[in-house]
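Visitor: Have a peek at work_13.txt (compact mmCIF, C-alpha atoms).
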```txt
# COMPACT_ATOMS: atom_id res chain seq x y z
CA MET A 1039 3.56 81.98 -22.27
CA VAL A 1040 5.74 78.90 -22.19
CA LYS A 1041 4.83 78.10 -18.59
CA TYR A 1042 1.30 77.25 -19.73
CA PHE A 1043 2.58 74.66 -22.21
CA ARG A 1044 3.21 71.72 -19.87
CA LYS A 1045 4.21 68.23 -20.86
CA ILE A 1046 3.27 64.98 -19.17
CA PHE A 1047 3.12 61.37 -20.33
CA THR A 1048 0.66 58.56 -19.52
CA ALA A 1049 -1.61 55.91 -21.12
CA VAL A 1050 -5.42 56.05 -22.36
CA GLY A 1051 -9.18 55.45 -24.13
CA LEU A 1052 -13.40 55.35 -23.86
CA MET A 1053 -16.60 56.60 -25.57
CA ILE A 1054 -17.91 60.19 -25.51
CA SER A 1055 -19.55 62.77 -27.70
CA VAL A 1056 -17.44 64.27 -30.44
CA LEU A 1057 -17.74 67.38 -32.56
CA ALA A 1058 -16.16 67.43 -35.99
CA VAL A 1059 -13.83 70.40 -36.22
CA SER A 1060 -12.83 69.31 -39.72
CA GLN A 1061 -16.34 70.09 -40.97
CA VAL A 1062 -15.79 73.81 -40.34
CA ARG A 1063 -14.38 74.99 -43.65
CA ASP A 1064 -15.13 78.66 -44.17
CA THR A 1065 -13.09 80.10 -41.29
CA HIS A 1066 -9.73 78.42 -41.83
CA THR A 1067 -6.58 80.46 -42.25
CA ALA A 1068 -6.60 81.18 -45.98
CA ILE A 1069 -5.52 83.45 -48.83
CA PHE A 1070 -8.21 84.29 -51.38
CA SER A 1071 -6.20 86.50 -53.77
CA SER A 1072 -3.52 84.87 -55.94
CA SER A 1073 -1.19 87.86 -55.67
CA PHE A 1074 -0.79 87.36 -51.90
CA LYS A 1075 1.78 84.91 -50.53
CA THR A 1076 3.68 83.75 -47.44
CA LEU A 1077 1.10 84.25 -44.71
CA GLN A 1078 2.84 83.64 -41.38
CA THR A 1079 2.29 84.19 -37.66
CA LYS A 1080 4.85 84.67 -34.90
CA VAL A 1081 4.29 84.89 -31.16
CA ASN A 1082 6.84 87.14 -29.46
CA GLY A 1083 9.04 86.80 -32.54
CA ASP A 1084 9.00 82.98 -32.47
CA ASP A 1085 7.72 81.32 -35.66
CA GLN A 1086 7.62 77.89 -33.98
CA LEU A 1087 4.81 78.71 -31.54
CA PRO A 1088 1.10 78.26 -32.27
CA PRO A 1089 -0.92 81.49 -32.74
CA VAL A 1090 -2.07 81.72 -29.11
CA ILE A 1091 -1.48 84.70 -26.81
CA ILE A 1092 -2.28 85.18 -23.14
CA MET A 1093 -4.91 87.79 -22.35
CA GLY A 1094 -3.54 90.77 -20.41
CA SER A 1095 0.09 89.70 -20.87
CA ASP A 1096 2.90 91.23 -22.89
CA ASP A 1097 2.46 88.61 -25.63
CA VAL A 1098 2.48 89.97 -29.17
CA LEU A 1099 1.16 88.13 -32.20
CA ALA A 1100 2.71 89.32 -35.46
CA ILE A 1101 0.94 88.49 -38.73
CA SER A 1102 2.89 89.03 -41.94
CA PHE A 1103 2.29 88.46 -45.64
CA ASP A 1104 3.42 89.65 -49.06
CA GLU A 1105 1.66 90.96 -52.13
CA LEU A 1106 3.35 90.45 -55.49
CA ALA A 1107 3.11 94.06 -56.60
CA SER A 1108 5.23 97.14 -57.15
CA ASP A 1109 3.09 99.52 -55.12
CA ARG A 1110 1.44 99.36 -51.70
CA ARG A 1111 -2.21 98.57 -51.16
CA TYR A 1112 -4.38 100.31 -48.58
CA MET A 1113 -5.86 97.60 -46.42
CA ARG A 1114 -7.74 97.24 -43.18
CA TYR A 1115 -8.69 94.36 -40.95
CA GLU A 1116 -11.50 93.38 -38.60
CA LEU A 1117 -11.87 90.68 -35.96
CA LEU A 1118 -14.61 88.05 -35.82
CA HIS A 1119 -15.16 86.12 -32.61
CA CYS A 1120 -15.65 82.37 -33.07
CA ASN A 1121 -16.77 79.52 -30.87
CA ALA A 1122 -14.65 76.50 -29.96
CA LEU A 1123 -15.33 74.96 -33.39
CA TRP A 1124 -14.35 78.10 -35.30
CA VAL A 1125 -17.90 79.02 -36.23
CA VAL A 1126 -18.47 82.78 -36.05
CA ASP A 1127 -20.66 83.34 -33.00
CA ALA A 1128 -23.48 85.80 -32.28
CA LEU A 1129 -21.41 88.34 -30.34
CA LEU A 1130 -21.37 91.94 -31.51
CA PRO A 1131 -18.00 93.60 -32.10
CA SER A 1132 -18.69 95.86 -29.12
CA ASP A 1133 -18.84 92.71 -26.96
CA TYR A 1134 -15.29 91.60 -27.72
CA VAL A 1135 -13.49 94.75 -28.97
CA ASP A 1136 -12.94 97.94 -27.02
CA GLY A 1137 -13.19 100.70 -29.60
CA PHE A 1138 -13.75 100.41 -33.35
CA ASN A 1139 -13.39 96.98 -34.92
CA GLU A 1140 -11.27 98.33 -37.74
CA GLY A 1141 -7.48 98.28 -37.87
CA TYR A 1142 -5.28 99.85 -40.52
CA ILE A 1143 -2.35 97.92 -42.01
CA GLU A 1144 0.28 100.62 -42.18
CA ASP A 1145 3.50 98.66 -41.62
CA PHE A 1146 4.81 97.82 -45.07
CA ARG A 1147 8.15 97.59 -46.89
CA PHE A 1148 9.12 97.10 -50.51
CA SER A 1149 11.28 94.18 -51.59
CA GLU A 1150 14.93 95.00 -52.21
CA ALA A 1151 17.10 93.72 -55.08
CA THR A 1152 14.68 90.91 -55.99
CA LEU A 1153 13.61 89.84 -59.47
CA VAL A 1154 10.04 89.41 -58.26
CA GLN A 1155 8.78 92.66 -56.80
CA TYR A 1156 6.61 92.43 -53.72
CA VAL A 1157 5.39 94.45 -50.76
CA HIS A 1158 5.85 92.96 -47.30
CA TYR A 1159 3.12 93.78 -44.75
CA GLU A 1160 2.94 93.20 -41.03
CA LEU A 1161 0.43 93.88 -38.28
CA THR A 1162 0.45 93.04 -34.59
CA ILE A 1163 -2.14 91.92 -32.04
CA PRO A 1164 -2.97 93.47 -29.64
CA ASP A 1165 -3.36 96.74 -31.52
CA PRO A 1166 -3.91 100.00 -29.57
CA ALA A 1167 -6.75 100.81 -31.95
CA VAL A 1168 -8.43 97.38 -31.71
CA ARG A 1169 -8.31 96.20 -28.11
CA ILE A 1170 -9.52 92.67 -27.38
CA LYS A 1171 -11.84 92.27 -24.38
CA LEU A 1172 -12.65 88.55 -24.36
CA SER A 1173 -10.76 85.29 -24.58
CA GLY A 1174 -11.54 82.68 -27.22
CA ASN A 1175 -11.00 82.13 -30.93
CA TYR A 1176 -10.62 85.00 -33.37
CA LEU A 1177 -10.63 85.23 -37.13
CA LEU A 1178 -8.75 88.26 -38.45
CA ARG A 1179 -10.10 89.29 -41.85
CA VAL A 1180 -8.03 91.51 -44.17
CA TYR A 1181 -9.70 93.52 -46.93
CA ASP A 1182 -8.99 96.35 -49.36
CA GLU A 1183 -10.40 99.58 -47.97
CA ASN A 1184 -12.00 100.23 -51.37
CA ASP A 1185 -13.72 96.85 -51.37
CA PRO A 1186 -14.59 95.98 -47.76
CA ASP A 1187 -16.88 93.07 -48.68
CA GLU A 1188 -14.14 91.11 -50.43
CA THR A 1189 -11.81 89.16 -48.13
CA ILE A 1190 -8.18 89.12 -49.26
CA LEU A 1191 -6.98 86.74 -46.56
CA GLN A 1192 -7.89 85.59 -43.07
CA VAL A 1193 -5.97 84.25 -40.09
CA ARG A 1194 -7.00 82.20 -37.08
CA PHE A 1195 -5.58 83.01 -33.66
CA SER A 1196 -6.63 82.47 -30.06
CA VAL A 1197 -6.55 84.42 -26.81
CA VAL A 1198 -6.37 82.44 -23.57
CA GLU A 1199 -7.26 83.53 -20.05
CA PRO A 1200 -5.55 80.82 -17.94
CA MET A 1201 -8.36 80.24 -15.42
CA MET A 1202 -7.77 76.47 -15.41
CA SER A 1203 -4.74 74.25 -15.88
CA ALA A 1204 -4.48 71.41 -18.38
CA THR A 1205 -2.15 68.44 -18.67
CA ALA A 1206 -1.78 66.04 -21.58
CA GLY A 1207 -0.02 62.72 -22.01
CA VAL A 1208 0.67 60.68 -25.14
CA THR A 1209 1.52 57.00 -25.47
CA SER A 1210 2.03 54.39 -28.19
CA ARG A 1211 0.27 51.80 -26.02
CA THR A 1212 -3.15 52.54 -27.43
CA ASP A 1213 -6.50 50.81 -27.02
CA VAL A 1214 -6.22 49.39 -30.57
CA ASP A 1215 -2.53 48.53 -30.89
CA TYR A 1216 0.71 48.34 -28.91
CA ASN A 1217 3.71 50.12 -30.45
CA GLY A 1218 1.96 49.85 -33.80
CA SER A 1219 0.89 52.72 -36.01
CA ARG A 1220 -0.99 55.01 -33.61
CA GLN A 1221 -0.66 57.32 -30.62
CA GLN A 1222 -3.24 57.99 -27.91
CA LEU A 1223 -3.75 60.97 -25.62
CA THR A 1224 -4.99 61.46 -22.10
CA VAL A 1225 -6.15 64.95 -21.07
CA GLY A 1226 -6.77 66.33 -17.60
CA VAL A 1227 -8.31 69.72 -16.75
CA ASP A 1228 -8.15 71.15 -13.24
CA ALA A 1229 -10.92 73.71 -12.63
CA LYS A 1230 -9.92 74.41 -9.03
CA GLY A 1231 -11.16 77.82 -7.93
CA VAL A 1232 -13.51 78.20 -10.92
CA ALA A 1233 -17.27 77.97 -10.47
CA VAL A 1234 -18.20 75.25 -12.95
CA ASN A 1235 -21.82 74.15 -12.60
CA ASN A 1236 -21.54 71.00 -14.70
CA MET A 1237 -18.09 69.59 -15.48
CA MET A 1238 -19.72 66.98 -17.71
CA ASN A 1239 -21.20 69.51 -20.13
CA ASP A 1240 -19.57 72.92 -19.72
CA LEU A 1241 -16.09 72.06 -21.06
CA ILE A 1242 -14.90 71.43 -24.62
CA VAL A 1243 -11.42 70.06 -25.28
CA VAL A 1244 -9.92 70.57 -28.76
CA VAL A 1245 -6.82 68.64 -29.84
CA GLU A 1246 -4.67 69.37 -32.91
CA GLN A 1247 -1.81 67.25 -34.24
CA ASN A 1248 1.11 69.23 -35.72
CA GLY A 1249 -1.11 72.20 -36.53
CA ARG A 1250 -3.33 70.17 -38.87
CA GLN A 1251 -6.99 71.11 -39.02
CA ASP A 1252 -8.29 68.20 -41.08
CA ASN A 1253 -7.83 65.65 -38.27
CA ALA A 1254 -8.44 67.92 -35.27
CA VAL A 1255 -11.08 66.74 -32.80
CA ALA A 1256 -13.28 68.41 -30.21
CA ILE A 1257 -14.62 66.39 -27.30
CA THR A 1258 -17.01 66.98 -24.43
CA THR A 1259 -18.11 64.83 -21.48
CA PRO A 1260 -15.06 63.67 -19.52
CA THR A 1261 -14.77 59.96 -18.72
CA ARG A 1262 -14.36 60.67 -15.01
CA ILE A 1263 -14.10 63.51 -12.50
CA ALA A 1264 -11.81 63.40 -9.48
CA GLY A 1265 -12.35 66.40 -7.22
CA SER A 1266 -11.77 69.50 -9.31
CA VAL A 1267 -10.09 67.57 -12.15
CA ALA A 1268 -11.91 66.27 -15.21
CA TRP A 1269 -10.21 63.43 -17.10
CA TRP A 1270 -10.54 62.20 -20.66
CA GLU A 1271 -9.04 58.70 -20.65
CA HIS A 1272 -9.44 55.76 -23.05
CA VAL A 1273 -11.22 57.99 -25.55
CA PRO A 1274 -11.36 56.53 -29.10
CA GLN A 1275 -11.36 59.99 -30.66
CA LEU A 1276 -8.02 60.76 -28.99
CA ILE A 1277 -6.29 57.99 -30.95
CA PHE A 1278 -4.32 59.52 -33.83
CA ASP A 1279 -2.48 57.91 -36.72
CA GLY A 1280 1.24 58.15 -35.99
CA GLY A 1281 2.26 59.50 -39.39
CA ASN A 1282 5.94 60.14 -39.99
CA GLU A 1283 8.45 62.91 -39.48
CA TYR A 1284 7.93 65.79 -41.88
CA ARG A 1285 10.11 66.05 -44.96
CA ARG A 1286 12.49 69.00 -45.15
CA MET A 1287 13.89 71.12 -47.95
CA GLU A 1288 15.79 74.40 -48.20
CA ILE A 1289 15.62 76.93 -51.04
CA ILE A 1290 17.84 79.51 -49.39
CA SER A 1291 20.31 80.33 -52.18
CA THR A 1292 20.06 80.88 -55.92
CA ASN A 1293 23.79 80.11 -56.25
CA TYR A 1294 23.93 76.59 -54.84
CA PRO A 1295 21.40 73.82 -54.23
CA GLY A 1296 20.29 73.51 -50.63
CA MET A 1297 18.81 70.52 -48.83
CA ARG A 1298 16.82 68.25 -51.19
CA VAL A 1299 17.37 70.57 -54.18
CA ALA A 1300 18.43 68.65 -57.31
CA GLU A 1301 18.76 71.54 -59.74
CA ILE A 1302 18.54 75.33 -60.00
CA SER A 1303 17.82 77.06 -63.29
CA PHE A 1304 16.62 80.44 -64.46
CA ALA A 1305 13.88 81.19 -67.00
CA ASP A 1306 12.87 84.82 -66.97
CA PRO A 1307 11.34 86.04 -64.71
CA PHE A 1308 11.79 83.19 -62.18
CA TYR A 1309 14.43 81.00 -60.69
CA HIS A 1310 13.34 77.37 -60.81
CA PHE A 1311 14.22 74.98 -57.98
CA THR A 1312 13.68 71.35 -58.87
CA LEU A 1313 13.57 69.21 -55.76
CA GLU A 1314 14.80 65.65 -55.59
CA THR A 1315 12.02 63.21 -56.35
CA ASP A 1316 10.37 62.02 -53.14
CA GLN A 1317 9.72 58.33 -52.53
CA SER A 1318 7.03 56.57 -50.53
CA ARG A 1319 7.99 55.83 -46.93
CA ALA A 1320 4.97 53.66 -46.18
CA ASP A 1321 7.01 50.43 -46.11
CA LEU A 1322 10.30 51.82 -44.79
CA ASP A 1323 11.61 51.62 -41.25
CA TYR A 1324 11.13 54.67 -39.06
CA VAL A 1325 14.00 57.16 -39.04
CA TYR A 1326 13.95 60.03 -36.54
CA ASP A 1327 14.50 63.54 -37.85
CA SER A 1328 14.24 66.78 -35.88
CA THR A 1329 11.70 68.80 -37.82
CA GLN A 1330 9.46 71.81 -37.24
CA LYS A 1331 6.19 69.87 -37.57
CA GLY A 1332 5.19 71.41 -40.88
CA ARG A 1333 6.31 74.98 -40.28
CA PHE A 1334 8.63 77.13 -42.39
CA ARG A 1335 11.17 79.86 -41.84
CA ILE A 1336 11.90 82.58 -44.41
CA ARG A 1337 15.61 82.82 -45.09
CA GLU A 1338 17.97 84.02 -47.80
CA TYR A 1339 21.42 82.74 -46.88
CA ASN A 1340 23.26 85.98 -47.69
CA SER A 1341 20.77 88.41 -46.19
CA ASP A 1342 20.26 90.03 -42.81
CA ASP A 1343 16.72 91.06 -43.75
CA SER A 1344 15.10 88.10 -45.50
CA ASP A 1345 11.59 89.53 -45.08
CA VAL A 1346 12.27 91.90 -47.99
CA GLU A 1347 15.41 90.44 -49.58
CA ALA A 1348 14.38 86.83 -50.09
CA GLU A 1349 13.44 85.95 -53.66
CA TYR A 1350 10.26 84.26 -54.87
CA VAL A 1351 11.14 81.09 -56.79
CA LEU A 1352 9.18 78.41 -58.62
CA THR A 1353 9.63 75.21 -56.65
CA HIS A 1354 8.97 71.89 -58.39
CA PHE A 1355 7.87 68.89 -56.31
CA SER A 1356 7.68 65.30 -57.57
CA LEU A 1357 6.61 62.07 -55.92
CA ASP A 1358 7.34 58.60 -57.25
CA ILE A 1359 4.34 56.41 -56.41
CA PRO A 1360 1.86 54.57 -58.64
CA GLU A 1361 -1.17 56.53 -59.78
CA GLN A 1362 -3.88 56.40 -57.14
CA LYS A 1363 -7.37 55.74 -58.49
CA ASN A 1364 -9.52 56.70 -55.51
CA VAL A 1365 -7.53 59.32 -53.63
CA ASP A 1366 -5.94 62.68 -54.35
CA ILE A 1367 -2.45 63.52 -53.09
CA PHE A 1368 -1.86 66.91 -51.45
CA ILE A 1369 1.17 68.70 -50.05
CA ASP A 1370 0.53 69.47 -46.39
CA GLY A 1371 2.27 72.04 -44.20
CA ASP A 1372 2.19 75.72 -43.40
CA LEU A 1373 3.49 76.38 -46.92
CA THR A 1374 0.01 75.40 -48.20
CA LEU A 1375 -1.81 76.81 -45.14
CA ARG A 1376 -2.90 73.21 -44.41
CA ARG A 1377 -5.55 73.43 -47.11
CA PHE A 1378 -6.58 70.85 -49.69
CA SER A 1379 -6.72 73.23 -52.63
CA PRO A 1380 -5.66 73.35 -56.30
CA GLU A 1381 -2.38 74.94 -55.17
CA SER A 1382 -1.50 71.99 -52.92
CA LEU A 1383 -2.81 69.23 -55.23
CA MET A 1384 -0.30 66.86 -56.82
CA VAL A 1385 -1.12 65.93 -60.44
CA PHE A 1386 -0.08 62.60 -61.90
CA ASN A 1387 2.01 63.04 -65.06
CA ARG A 1388 1.70 59.91 -67.20
CA ALA A 1389 4.67 60.97 -69.30
CA THR A 1390 7.04 60.89 -66.31
CA GLY A 1391 5.11 58.44 -64.15
CA LEU A 1392 5.33 60.90 -61.24
CA TYR A 1393 3.00 63.03 -59.18
CA GLU A 1394 4.04 66.64 -59.71
CA ALA A 1395 3.26 70.12 -58.38
CA THR A 1396 4.82 73.55 -58.73
CA MET A 1397 4.53 76.29 -56.12
CA LEU A 1398 5.80 79.87 -56.04
CA LEU A 1399 7.58 80.05 -52.68
CA LYS A 1400 9.64 82.63 -50.88
CA GLN A 1401 13.19 81.51 -50.13
CA GLY A 1402 13.48 79.67 -46.86
CA ALA A 1403 13.52 76.34 -45.03
CA TYR A 1404 10.29 74.35 -45.32
CA ASN A 1405 8.67 71.27 -43.79
CA TYR A 1406 6.03 69.31 -45.69
CA GLN A 1407 4.38 65.91 -46.02
CA TYR A 1408 2.02 64.17 -48.44
CA LEU A 1409 -1.57 63.44 -47.44
CA ALA A 1410 -3.97 61.21 -49.35
CA VAL A 1411 -7.58 62.42 -49.38
CA PRO A 1412 -10.37 60.10 -50.60
CA ARG A 1413 -12.21 61.59 -53.55
CA GLY A 1414 -15.69 62.79 -52.75
CA ALA A 1415 -16.92 64.44 -49.58
CA SER A 1416 -13.93 63.59 -47.34
CA THR A 1417 -11.98 66.48 -45.86
CA ARG A 1418 -9.58 64.36 -43.79
CA GLY A 1419 -6.17 63.38 -45.07
CA SER A 1420 -4.34 60.11 -44.44
CA THR A 1421 -0.60 59.68 -43.91
CA SER A 1422 -0.68 55.91 -44.48
CA VAL A 1423 -0.58 55.95 -48.29
CA VAL A 1424 2.68 57.88 -48.79
CA GLU A 1425 4.30 58.63 -45.44
CA GLY A 1426 3.33 55.56 -43.44
CA ASP A 1427 2.22 55.54 -39.80
CA ARG A 1428 4.82 55.00 -37.07
CA TYR A 1429 4.22 54.97 -33.33
CA GLN A 1430 7.67 56.53 -32.74
CA THR A 1431 6.90 59.77 -34.63
CA ALA A 1432 7.57 62.89 -32.55
CA ASN A 1433 4.15 64.44 -33.17
CA GLU A 1434 3.27 67.68 -31.41
CA TYR A 1435 -0.23 67.88 -29.90
CA LEU A 1436 -1.83 71.20 -28.96
CA VAL A 1437 -4.67 70.99 -26.43
CA LYS A 1438 -7.14 73.85 -25.89
CA VAL A 1439 -9.83 73.90 -23.20
CA TYR A 1440 -12.98 76.00 -23.64
CA PHE A 1441 -15.55 76.86 -20.96
CA ARG A 1442 -19.15 77.85 -21.74
CA GLN A 1443 -20.84 79.19 -18.62
CA PRO A 1444 -24.62 78.74 -18.35
CA GLY A 1445 -26.27 81.77 -19.93
CA SER A 1446 -23.06 82.86 -21.65
CA ARG A 1447 -23.00 83.58 -25.38
CA TYR A 1448 -19.42 82.58 -26.12
CA ASP A 1449 -16.76 79.96 -25.46
CA ARG A 1450 -13.96 81.16 -23.19
CA LEU A 1451 -10.52 79.72 -23.82
CA VAL A 1452 -9.36 78.91 -20.31
CA ALA A 1453 -6.34 76.62 -20.70
CA VAL A 1454 -3.76 75.64 -23.32
CA THR A 1455 -1.04 73.01 -23.14
CA SER A 1456 1.08 70.97 -25.53
CA VAL A 1457 2.79 67.60 -25.50
CA THR A 1458 5.20 65.95 -27.93
CA ALA A 1459 5.22 62.20 -28.39
CA GLY A 1460 8.37 60.43 -27.28
CA ILE A 1461 9.81 63.43 -25.41
```
The structure given in the file should be rewritten as structure tokens.
Guide:
Amino acid sequence: MVKYFRKIFTAVGLMISVLAVSQVRDTHTAIFSSSFKTLQTKVNGDDQLPPVIIMGSDDVLAISFDELASDRRYMRYELLHCNALWVVDALLPSDYVDGFNEGYIEDFRFSEATLVQYVHYELTIPDPAVRIKLSGNYLLRVYDENDPDETILQVRFSVVEPMMSATAGVTSRTDVDYNGSRQQLTVGVDAKGVAVNNMMNDLIVVVEQNGRQDNAVAITTPTRIAGSVAWWEHVPQLIFDGGNEYRRMEIISTNYPGMRVAEISFADPFYHFTLETDQSRADLDYVYDSTQKGRFRIREYNSDDSDVEAEYVLTHFSLDIPEQKNVDIFIDGDLTLRRFSPESLMVFNRATGLYEATMLLKQGAYNYQYLAVPRGASTRGSTSVVEGDRYQTANEYLVKVYFRQPGSRYDRLVAVTSVTAGI
């Protein structure tokens, strides 16, 4: 699938209609039961790729998670087809699934030699029993077979049929600043050989920065068309705050402190990992660091099978900034499923003068950052308060192109590409 992820670099900006992806809240990847942890996707065994597979190819999407329990649970899953904005559409299961829309989760293993007992589950897409017929966005919903109306967890993934080709470029020479605090994208979509009646209205381009959903944008109406290629150039909505490189930490051993770990202790039944106190980087100079853009990798340093041998440990975060009166501070990254929730919320401790949070995490290497979210109705986080915004940041942008044919009832995903700033 790598050949469809092309990189190109140019400059950009102009007005067009925009659709707010961040307003779609009920179909995000999420866990709804507190006993379930470590929800992760891998494409062809690679945990660094976005959850996108090519229709009709040999691509395999593996979805894994744990339940903190001593016995297995009998679970099933179903697929829901969604439009470009992740709203469940009007298609019937028989429209997008060949066979019954009900898969059984039968691949499970018990944890081995861990203080915290858990059951590790895995399922793969495509599944011989649930065969996908259409491209587009899918929400996989997992439920207990004894309580099918209650969702345990759900996962977003996409299936692309590469009918068109897309290119994307990113530059720090934006329409609002020059090598300042932002980055701007240009997107081109070549529909050569595809019967598109109206290039101005039939395409939707969705752009995500580092896997975040809160600042993702969806745009229609290209700024110009040249032959079979539609271009989005000088588009205000394709200007993103630069942010900063993600922070890193490793909780891979209970015997010695890993990266950014200040102290390890044990209080039955958990190991406690206290991380070094983080500082604000808003006023510091930019420093490059090769990170995984908010992802994590499960790893126990002395194990060949970390999926079932890694321990669950209480991990204590702290952040040394003044108390913020009008914003909340959240931990962002795949470790929190990119959600602004009570689990990812930092709480200001007046006794220590620090923002603090504690999370039960499986041993591994993690990326994270701090986002400030205005109190009230806002669902978009800002990097400026804690991390700062730097034009040099090596942000990764994922671009998806959807095509809605006249008379069609769903959005086809017809092209996917990615570009990383500064590379």
Visitor: Of the candidates A:Val1245, A:Asn1139, A:Ile1069, A:Leu1172, which shows the shortest atom-to-atom distance to Val1437 (chain A), using only C-alpha atoms?
Guide: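 Closest to Val1437 (chain A), using only C-alpha atoms: A:Val1245.
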Visitor: Of the candidates A:Glu1347, A:Asp1252, A:Glu1301, A:Asp1370, which one gets nearest to Arg1333 (chain A) if we count all atoms listed in the file?
Guide: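 Using all atoms listed in the file, the shortest distance to Arg1333 (chain A) belongs to A:Asp1370.
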Visitor: Need the shell around Ile1290 (chain A): protein/DNA/RNA residues with any atom at most 8 Å away, counting only C-alpha atoms. Skip same-chain ones fewer than 3 positions apart. Format as a PyMOL selection string?
Guide: chain A and resi 1296+1337-1339+1401-1403
Visitor: Which polymer residues, protein or nucleic acid, are no farther than 12 Å from (14.8, 67.4, -36.9), counting only C-alpha atoms, as an mmCIF file with C-alpha atoms, in the coordinates of the input?
Guide:
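The file below, result-v3.cif, is the result:
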```cif
data_model
loop_
_atom_site.group_PDB
_atom_site.id
_atom_site.type_symbol
_atom_site.label_atom_id
_atom_site.label_comp_id
_atom_site.auth_asym_id
_atom_site.auth_seq_id
_atom_site.Cartn_x
_atom_site.Cartn_y
_atom_site.Cartn_z
ATOM 1 C CA ASN A 1282 5.940 60.140 -39.990
ATOM 2 C CA GLU A 1283 8.450 62.910 -39.480
ATOM 3 C CA TYR A 1284 7.930 65.790 -41.880
ATOM 4 C CA ARG A 1285 10.110 66.050 -44.960
ATOM 5 C CA ARG A 1286 12.490 69.000 -45.150
ATOM 6 C CA MET A 1287 13.890 71.120 -47.950
ATOM 7 C CA VAL A 1325 14.000 57.160 -39.040
ATOM 8 C CA TYR A 1326 13.950 60.030 -36.540
ATOM 9 C CA ASP A 1327 14.500 63.540 -37.850
ATOM 10 C CA SER A 1328 14.240 66.780 -35.880
ATOM 11 C CA THR A 1329 11.700 68.800 -37.820
ATOM 12 C CA GLN A 1330 9.460 71.810 -37.240
ATOM 13 C CA LYS A 1331 6.190 69.870 -37.570
ATOM 14 C CA GLY A 1332 5.190 71.410 -40.880
ATOM 15 C CA ARG A 1333 6.310 74.980 -40.280
ATOM 16 C CA TYR A 1404 10.290 74.350 -45.320
ATOM 17 C CA ASN A 1405 8.670 71.270 -43.790
ATOM 18 C CA THR A 1431 6.900 59.770 -34.630
ATOM 19 C CA ALA A 1432 7.570 62.890 -32.550
ATOM 20 C CA ASN A 1433 4.150 64.440 -33.170
#
```
Visitor: Work out how far CA of Tyr1406 (chain A) is from CA of Leu1373 (chain A), in Å to one decimal.
Guide: 7.6 Å
Visitor: Could you list as number ranges by chain every residue that has an atom within 8 Å of (-8.6, 74.8, -29.9), using the file's coordinates and counting all atoms listed in the file?
Guide: A: 1122-1123, 1175, 1196, 1243-1246, 1256, 1436-1440
Visitor: Please, what distance in Å, to one decimal, runs between CA of Ala1320 (chain A) and CA of Asp1215 (chain A)?
Guide: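 Atom-to-atom, CA of Ala1320 (chain A) to CA of Asp1215 (chain A), that is 17.8 Å.
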Visitor: So what do you get for CA of Tyr1181 (chain A) versus CA of Tyr1112 (chain A), distance-wise?
Guide: 8.8 Å
Visitor: Which is closer to Tyr1134 (chain A) than all the others in A:Arg1169, A:Arg1147, A:Arg1220, A:Arg1111, using only C-alpha atoms?
Guide: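 Of the candidates, the smallest distance to Tyr1134 (chain A) is held by A:Arg1169.
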Visitor: Given the choices A:Tyr1216, A:Tyr1142, A:Tyr1159, A:Trp1124, which gets closest to Arg1110 (chain A) if the distance is worked out from all atoms listed in the file?
Guide: A:Tyr1159
Visitor: Hey, what's within 9 Å of Leu1352 (chain A) if we count only C-alpha atoms and toss same-chain stuff fewer than 5 positions away? As a list of chain:residue names, please?
Guide: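 Here the answer would be A:Phe1308, A:Tyr1309, A:His1310, A:Phe1311, A:Thr1312, A:Thr1396, A:Met1397, A:Leu1398, A:Leu1399, A:Lys1400.
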Visitor: For the selection just defined, write its residues with C-alpha atoms to a file, as a tab-separated table (two decimals), in the coordinates of the input.
Guide:
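Listed below is the output, again.tsv:
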```
chain	number	residue	atom	x	y	z
A	1308	PHE	CA	11.79	83.19	-62.18
A	1309	TYR	CA	14.43	81.00	-60.69
A	1310	HIS	CA	13.34	77.37	-60.81
A	1311	PHE	CA	14.22	74.98	-57.98
A	1312	THR	CA	13.68	71.35	-58.87
A	1396	THR	CA	4.82	73.55	-58.73
A	1397	MET	CA	4.53	76.29	-56.12
A	1398	LEU	CA	5.80	79.87	-56.04
A	1399	LEU	CA	7.58	80.05	-52.68
A	1400	LYS	CA	9.64	82.63	-50.88
```
Visitor: Return the single residue from A:Phe1146, A:Tyr1408, A:Phe1074, A:Tyr1176 that is closest to Tyr1393 (chain A), with distances computed using only C-alpha atoms.
Guide: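 That would be A:Tyr1408, the residue with the smallest distance to Tyr1393 (chain A).
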Visitor: Quick one: everything within 9 Å of Val1452 (chain A), counting only C-alpha atoms, minus sequence neighbours fewer than 3 positions away in the same chain. Send it as JSON, numbers by chain.
Guide: {"A": [1173, 1174, 1197, 1198, 1199, 1200, 1201, 1202, 1203, 1438, 1439, 1440, 1441]}
Visitor: Considering all atoms listed in the file, return as a PDB file with C-alpha atoms, keeping the file's coordinate frame whatever protein or nucleic-acid residues lie within 10 Å of Asp1096 (chain A), sequence-local ones (same chain, fewer than 4 positions apart) excluded.
Guide:
```pdb
ATOM      1  CA  MET A1039       3.560  81.980 -22.270  1.00  0.00           C
ATOM      2  CA  ASN A1082       6.840  87.140 -29.460  1.00  0.00           C
ATOM      3  CA  ILE A1091      -1.480  84.700 -26.810  1.00  0.00           C
ATOM      4  CA  ILE A1092      -2.280  85.180 -23.140  1.00  0.00           C
ATOM      5  CA  PRO A1164      -2.970  93.470 -29.640  1.00  0.00           C
TER       6      PRO A1164
END
```
Visitor: Write out as a VMD selection string each polymer residue whose atoms come within 8 Å of Val1346 (chain A), counting all atoms listed in the file; drop sequence neighbours fewer than 5 positions from it.
Guide: chain A and resid 1147 to 1150 1157 to 1158
